[in-house]
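Visitor: Quick one: the structure is below, and I'll ask about it shortly.
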Amino acid sequence: MVKYLTILLLCLQLLHSEGLGINEKLGDTVPLDLIFINEQSERVTLKELMDGKPTLLTLNYFKCAGICSPQLNDMAIMLSRLHLAENTDYKVITVDFAEDETPDLAVAKKKNLIHSMNRSYVQDAWHFVIGENNSSGKLADSVGFKFEKTVAANGQVDYIHGAALIVLSPTGKITRYMSGIEQLSTDVEMALGEAKKEMVSPTISKNSPYCFSKKQDGFIMVKMGSKIWAVLMMSVVIGLFVYLIRGSKRKENESEKDK
């Protein structure tokens, strides 16, 4: 009985998760004075990391067992296919939004991803940084990236979050959101070209962990697919729960009759 109640509560928690996803802030400017810790454990500003170039930004955490690894693995493949000069035509920054991760994890993640690329890639073109004084949280808020911290019974910390590649202009203006885990190199090249010109482009809906709902205040990426799936799963679990309860009572009644 306890097991069934636990399953039910977990499903209710999933369904109750609100506000997650990405509330797009196209045209806004990210705070360039935010300070991060880079792979060499040095304190650097976002402005220094971008170096006055169009920038591809992702928000992840390095112990993520979910979509972070697939997203970053695909990033490595996509970046190796770009017909642009990394560190000259663009920069890439992966920001760790977890509170307890260290530069050592950033170094290991960067090493593995750079090593996986099928061509030589300029090491300084792709930065892996962690926050200082909640700079990661402030950056996430400035681009509308919403996530939720969860703590398991054994103390393990995880985060519920989405996946998107966010394109910034050289001045830090948010010019494009590219949703999902996989990105085409041709699309990214076009987005970087537009960012260089400070051009803001609307998000184009595509198959991804999120679908899109157009609001008057802009595009809001909502977990509609996940919500529908959660409702369906919830219905199945509730039905199973009721079935098991009735079955348990029926067996108890039969046992009493046999006595």
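Simple scheme: letters A, B, ... for chains in structure tokens order, numbers from 1 for residues in each chain, numbers from 1 for ligands in the order shown.
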Set out as JSON lines a contact list for region 63-93 of chain A and region 110-116 of chain A with a cut-off of 12 Å, giving each residue of region 63-93 of chain A that qualifies its closest atom pair and distance in Å to one decimal, counting only C-alpha atoms, ordered by chain and rising residue number.
Guide:
```
{"residue": "A:Ser69", "atom": "CA", "partner": "A:Leu113", "partner_atom": "CA", "distance": 9.7}
{"residue": "A:Pro70", "atom": "CA", "partner": "A:Leu113", "partner_atom": "CA", "distance": 11.0}
{"residue": "A:Gln71", "atom": "CA", "partner": "A:Leu113", "partner_atom": "CA", "distance": 11.1}
{"residue": "A:Leu72", "atom": "CA", "partner": "A:Leu113", "partner_atom": "CA", "distance": 7.6}
{"residue": "A:Asn73", "atom": "CA", "partner": "A:Leu113", "partner_atom": "CA", "distance": 6.6}
{"residue": "A:Asp74", "atom": "CA", "partner": "A:Leu113", "partner_atom": "CA", "distance": 9.6}
{"residue": "A:Met75", "atom": "CA", "partner": "A:Leu113", "partner_atom": "CA", "distance": 8.8}
{"residue": "A:Ala76", "atom": "CA", "partner": "A:Leu113", "partner_atom": "CA", "distance": 6.1}
{"residue": "A:Ile77", "atom": "CA", "partner": "A:Ser116", "partner_atom": "CA", "distance": 8.1}
{"residue": "A:Met78", "atom": "CA", "partner": "A:Ser116", "partner_atom": "CA", "distance": 11.6}
{"residue": "A:Leu79", "atom": "CA", "partner": "A:Ile114", "partner_atom": "CA", "distance": 10.0}
{"residue": "A:Ser80", "atom": "CA", "partner": "A:Ile114", "partner_atom": "CA", "distance": 9.4}
{"residue": "A:Val92", "atom": "CA", "partner": "A:Lys110", "partner_atom": "CA", "distance": 11.5}
{"residue": "A:Ile93", "atom": "CA", "partner": "A:Lys110", "partner_atom": "CA", "distance": 10.8}
```
Visitor: Quick one: distance from CA of His161 (chain A) to CA of Gly193 (chain A) in Å, one decimal?
Guide: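 Distance reported for this atom pair: 28.0 Å.
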Visitor: With 6 Å as the cut-off and only C-alpha atoms counted, what is the closest atom pair between each nearby residue of region 44-108 of chain A and region 162-186 of chain A? Distances in Å to one decimal, ordered by chain and number, as a tab-separated table.
Guide:
```
residue	atom	partner	partner_atom	distance
A:Gly52	CA	A:Pro170	CA	4.7
A:Lys53	CA	A:Pro170	CA	4.5
A:Pro54	CA	A:Ser169	CA	4.7
A:Thr55	CA	A:Leu168	CA	5.1
A:Leu56	CA	A:Val167	CA	4.8
A:Leu57	CA	A:Ile166	CA	5.0
A:Thr58	CA	A:Leu165	CA	5.4
A:Gln71	CA	A:Ile181	CA	4.5
A:Asp74	CA	A:Glu182	CA	5.9
A:Met78	CA	A:Ser185	CA	5.4
A:Leu82	CA	A:Ser185	CA	5.6
```
Visitor: Please produce an output containing C-alpha atoms for each residue in the selection, written as a PDB file, in the first residue's frame.
Guide:
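Output contents, as saved in out-v7.pdb:
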```pdb
ATOM      1  CA  GLY A  52      32.645  41.075 -28.223  1.00  0.00           C
ATOM      2  CA  LYS A  53      31.492  38.215 -30.458  1.00  0.00           C
ATOM      3  CA  PRO A  54      28.148  36.574 -31.222  1.00  0.00           C
ATOM      4  CA  THR A  55      27.708  33.876 -28.603  1.00  0.00           C
ATOM      5  CA  LEU A  56      25.898  30.583 -28.265  1.00  0.00           C
ATOM      6  CA  LEU A  57      24.679  30.096 -24.700  1.00  0.00           C
ATOM      7  CA  THR A  58      23.449  26.931 -23.008  1.00  0.00           C
ATOM      8  CA  GLN A  71      22.254  18.321 -25.720  1.00  0.00           C
ATOM      9  CA  ASP A  74      24.927  17.163 -30.100  1.00  0.00           C
ATOM     10  CA  MET A  78      27.096  20.588 -34.565  1.00  0.00           C
ATOM     11  CA  LEU A  82      30.047  24.916 -38.611  1.00  0.00           C
TER      12      LEU A  82
END
```
Visitor: Near region 40-43 of chain A, within 12 Å and counting only C-alpha atoms, which residues show up once chain neighbours fewer than 2 positions away are dropped, as a PyMOL selection string?
Guide: chain A and resi 33-38+45-49+102-108+110+124+127-133+135
Visitor: Restricting the calculation to only C-alpha atoms: of A:Phe62, A:Leu32, A:Val151, A:Tyr90, which residue gets closest to Ala191 (chain A)?
Guide: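 Once distances to Ala191 (chain A) are computed over only C-alpha atoms, the minimum belongs to A:Tyr90.
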Visitor: Determine which residues of region 80-168 of chain A DSSP labels as helix (DSSP H, G or I) from the backbone of this structure, then write them out as an MDAnalysis selection string.
Guide: chainID A and resid 80:81 103:116 123:125 135:142
Visitor: So the first atom is CA of Val188 (chain A) and the second is CA of Lys91 (chain A); what is the distance between them in Å, to one decimal place?
Guide: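 Going from CA of Val188 (chain A) over to CA of Lys91 (chain A) covers 12.2 Å.
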Visitor: Give me, please, the distance in Å between CA of Ile160 (chain A) and CA of Thr94 (chain A), quoted to one decimal.
Guide: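 Separating CA of Ile160 (chain A) from CA of Thr94 (chain A) is a distance of 17.4 Å.
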Visitor: Excluding Lys146 (chain A) and residues on its chain fewer than 5 positions from it, collect all residues at most 9 Å away from it, counting only C-alpha atoms, and give them as a CSV table (one decimal) with all heavy atoms, in the first residue's frame.
Guide:
```csv
chain,number,residue,atom,x,y,z
A,19,GLY,N,5.5,26.5,-14.2
A,19,GLY,CA,6.4,27.6,-14.4
A,19,GLY,C,7.8,27.2,-15.0
A,19,GLY,O,8.7,28.0,-15.2
A,20,LEU,N,7.9,25.9,-15.3
A,20,LEU,CA,9.1,25.4,-15.9
A,20,LEU,C,9.1,25.6,-17.4
A,20,LEU,O,8.0,25.7,-18.0
A,20,LEU,CB,9.3,24.0,-15.6
A,20,LEU,CG,9.4,23.6,-14.1
A,20,LEU,CD1,9.6,22.1,-13.9
A,20,LEU,CD2,10.6,24.4,-13.4
A,21,GLY,N,10.3,25.7,-18.0
A,21,GLY,CA,10.4,26.0,-19.4
A,21,GLY,C,11.2,27.2,-19.7
A,21,GLY,O,12.0,27.6,-18.9
A,22,ILE,N,10.9,27.9,-20.8
A,22,ILE,CA,11.6,29.1,-21.1
A,22,ILE,C,10.6,30.2,-21.5
A,22,ILE,O,9.9,30.1,-22.5
A,22,ILE,CB,12.6,28.8,-22.3
A,22,ILE,CG1,13.6,27.8,-21.8
A,22,ILE,CG2,13.3,30.1,-22.7
A,22,ILE,CD1,14.7,27.4,-22.9
A,23,ASN,N,10.6,31.2,-20.8
A,23,ASN,CA,9.8,32.4,-21.1
A,23,ASN,C,10.7,33.4,-21.9
A,23,ASN,O,11.6,34.1,-21.3
A,23,ASN,CB,9.4,33.1,-19.8
A,23,ASN,CG,8.5,34.3,-20.0
A,23,ASN,OD1,8.2,34.6,-21.2
A,23,ASN,ND2,8.1,35.0,-19.0
A,140,ALA,N,20.2,33.0,-15.8
A,140,ALA,CA,19.0,32.2,-16.2
A,140,ALA,C,17.8,33.0,-16.2
A,140,ALA,O,16.9,32.9,-17.1
A,140,ALA,CB,18.9,30.9,-15.3
A,141,ASP,N,17.6,33.8,-15.1
A,141,ASP,CA,16.4,34.7,-15.0
A,141,ASP,C,16.4,35.7,-16.2
A,141,ASP,O,15.3,36.0,-16.7
A,141,ASP,CB,16.4,35.3,-13.7
A,141,ASP,CG,15.2,36.2,-13.4
A,141,ASP,OD1,14.1,35.5,-13.4
A,141,ASP,OD2,15.2,37.4,-13.3
A,160,ILE,N,14.9,19.9,-12.5
A,160,ILE,CA,13.9,19.8,-13.7
A,160,ILE,C,14.1,21.0,-14.5
A,160,ILE,O,14.0,22.1,-14.0
A,160,ILE,CB,12.5,19.7,-13.2
A,160,ILE,CG1,12.3,18.5,-12.2
A,160,ILE,CG2,11.5,19.5,-14.3
A,160,ILE,CD1,11.0,18.5,-11.5
A,161,HIS,N,14.4,20.8,-15.8
A,161,HIS,CA,14.7,22.0,-16.7
A,161,HIS,C,14.5,21.6,-18.1
A,161,HIS,O,14.3,20.4,-18.5
A,161,HIS,CB,16.1,22.5,-16.5
A,161,HIS,CG,17.1,21.5,-16.9
A,161,HIS,ND1,17.7,21.5,-18.1
A,161,HIS,CD2,17.7,20.4,-16.2
A,161,HIS,CE1,18.6,20.5,-18.2
A,161,HIS,NE2,18.6,19.8,-17.0
A,162,GLY,N,14.5,22.6,-19.0
A,162,GLY,CA,14.3,22.3,-20.4
A,162,GLY,C,15.7,22.4,-21.1
A,162,GLY,O,16.7,22.4,-20.5
```
Visitor: Mind listing the strand (DSSP E or B) residues of region 66-229 of chain A, per DSSP on the backbone, as a ChimeraX atom specification?
Guide: /A:86,90-96,126-131,145-146,148-151,157-160,164-168,173-179,211-215,218-222
Visitor: List the neighbours of Cys64 (chain A) out to 10 Å using only C-alpha atoms; skip same-chain residues closer than 6 positions along the sequence, and give me the result as a short mmCIF file (atom, residue, chain, number, x, y, z; two decimals) with N, CA and C atoms, in the first residue's frame.
Guide:
```
data_model
loop_
_atom_site.label_atom_id
_atom_site.label_comp_id
_atom_site.auth_asym_id
_atom_site.auth_seq_id
_atom_site.Cartn_x
_atom_site.Cartn_y
_atom_site.Cartn_z
N ALA A 98 23.80 24.64 -11.48
CA ALA A 98 23.73 23.91 -10.21
C ALA A 98 24.53 24.65 -9.14
N VAL A 157 20.61 15.58 -5.29
CA VAL A 157 20.03 16.80 -5.85
C VAL A 157 19.95 16.69 -7.37
N ASP A 158 18.81 17.01 -7.92
CA ASP A 158 18.63 17.06 -9.37
C ASP A 158 17.83 18.32 -9.70
N TYR A 159 17.72 18.60 -10.99
CA TYR A 159 16.99 19.78 -11.44
C TYR A 159 16.08 19.40 -12.60
N ILE A 160 14.85 19.89 -12.54
CA ILE A 160 13.92 19.76 -13.66
C ILE A 160 14.10 21.00 -14.53
#
```
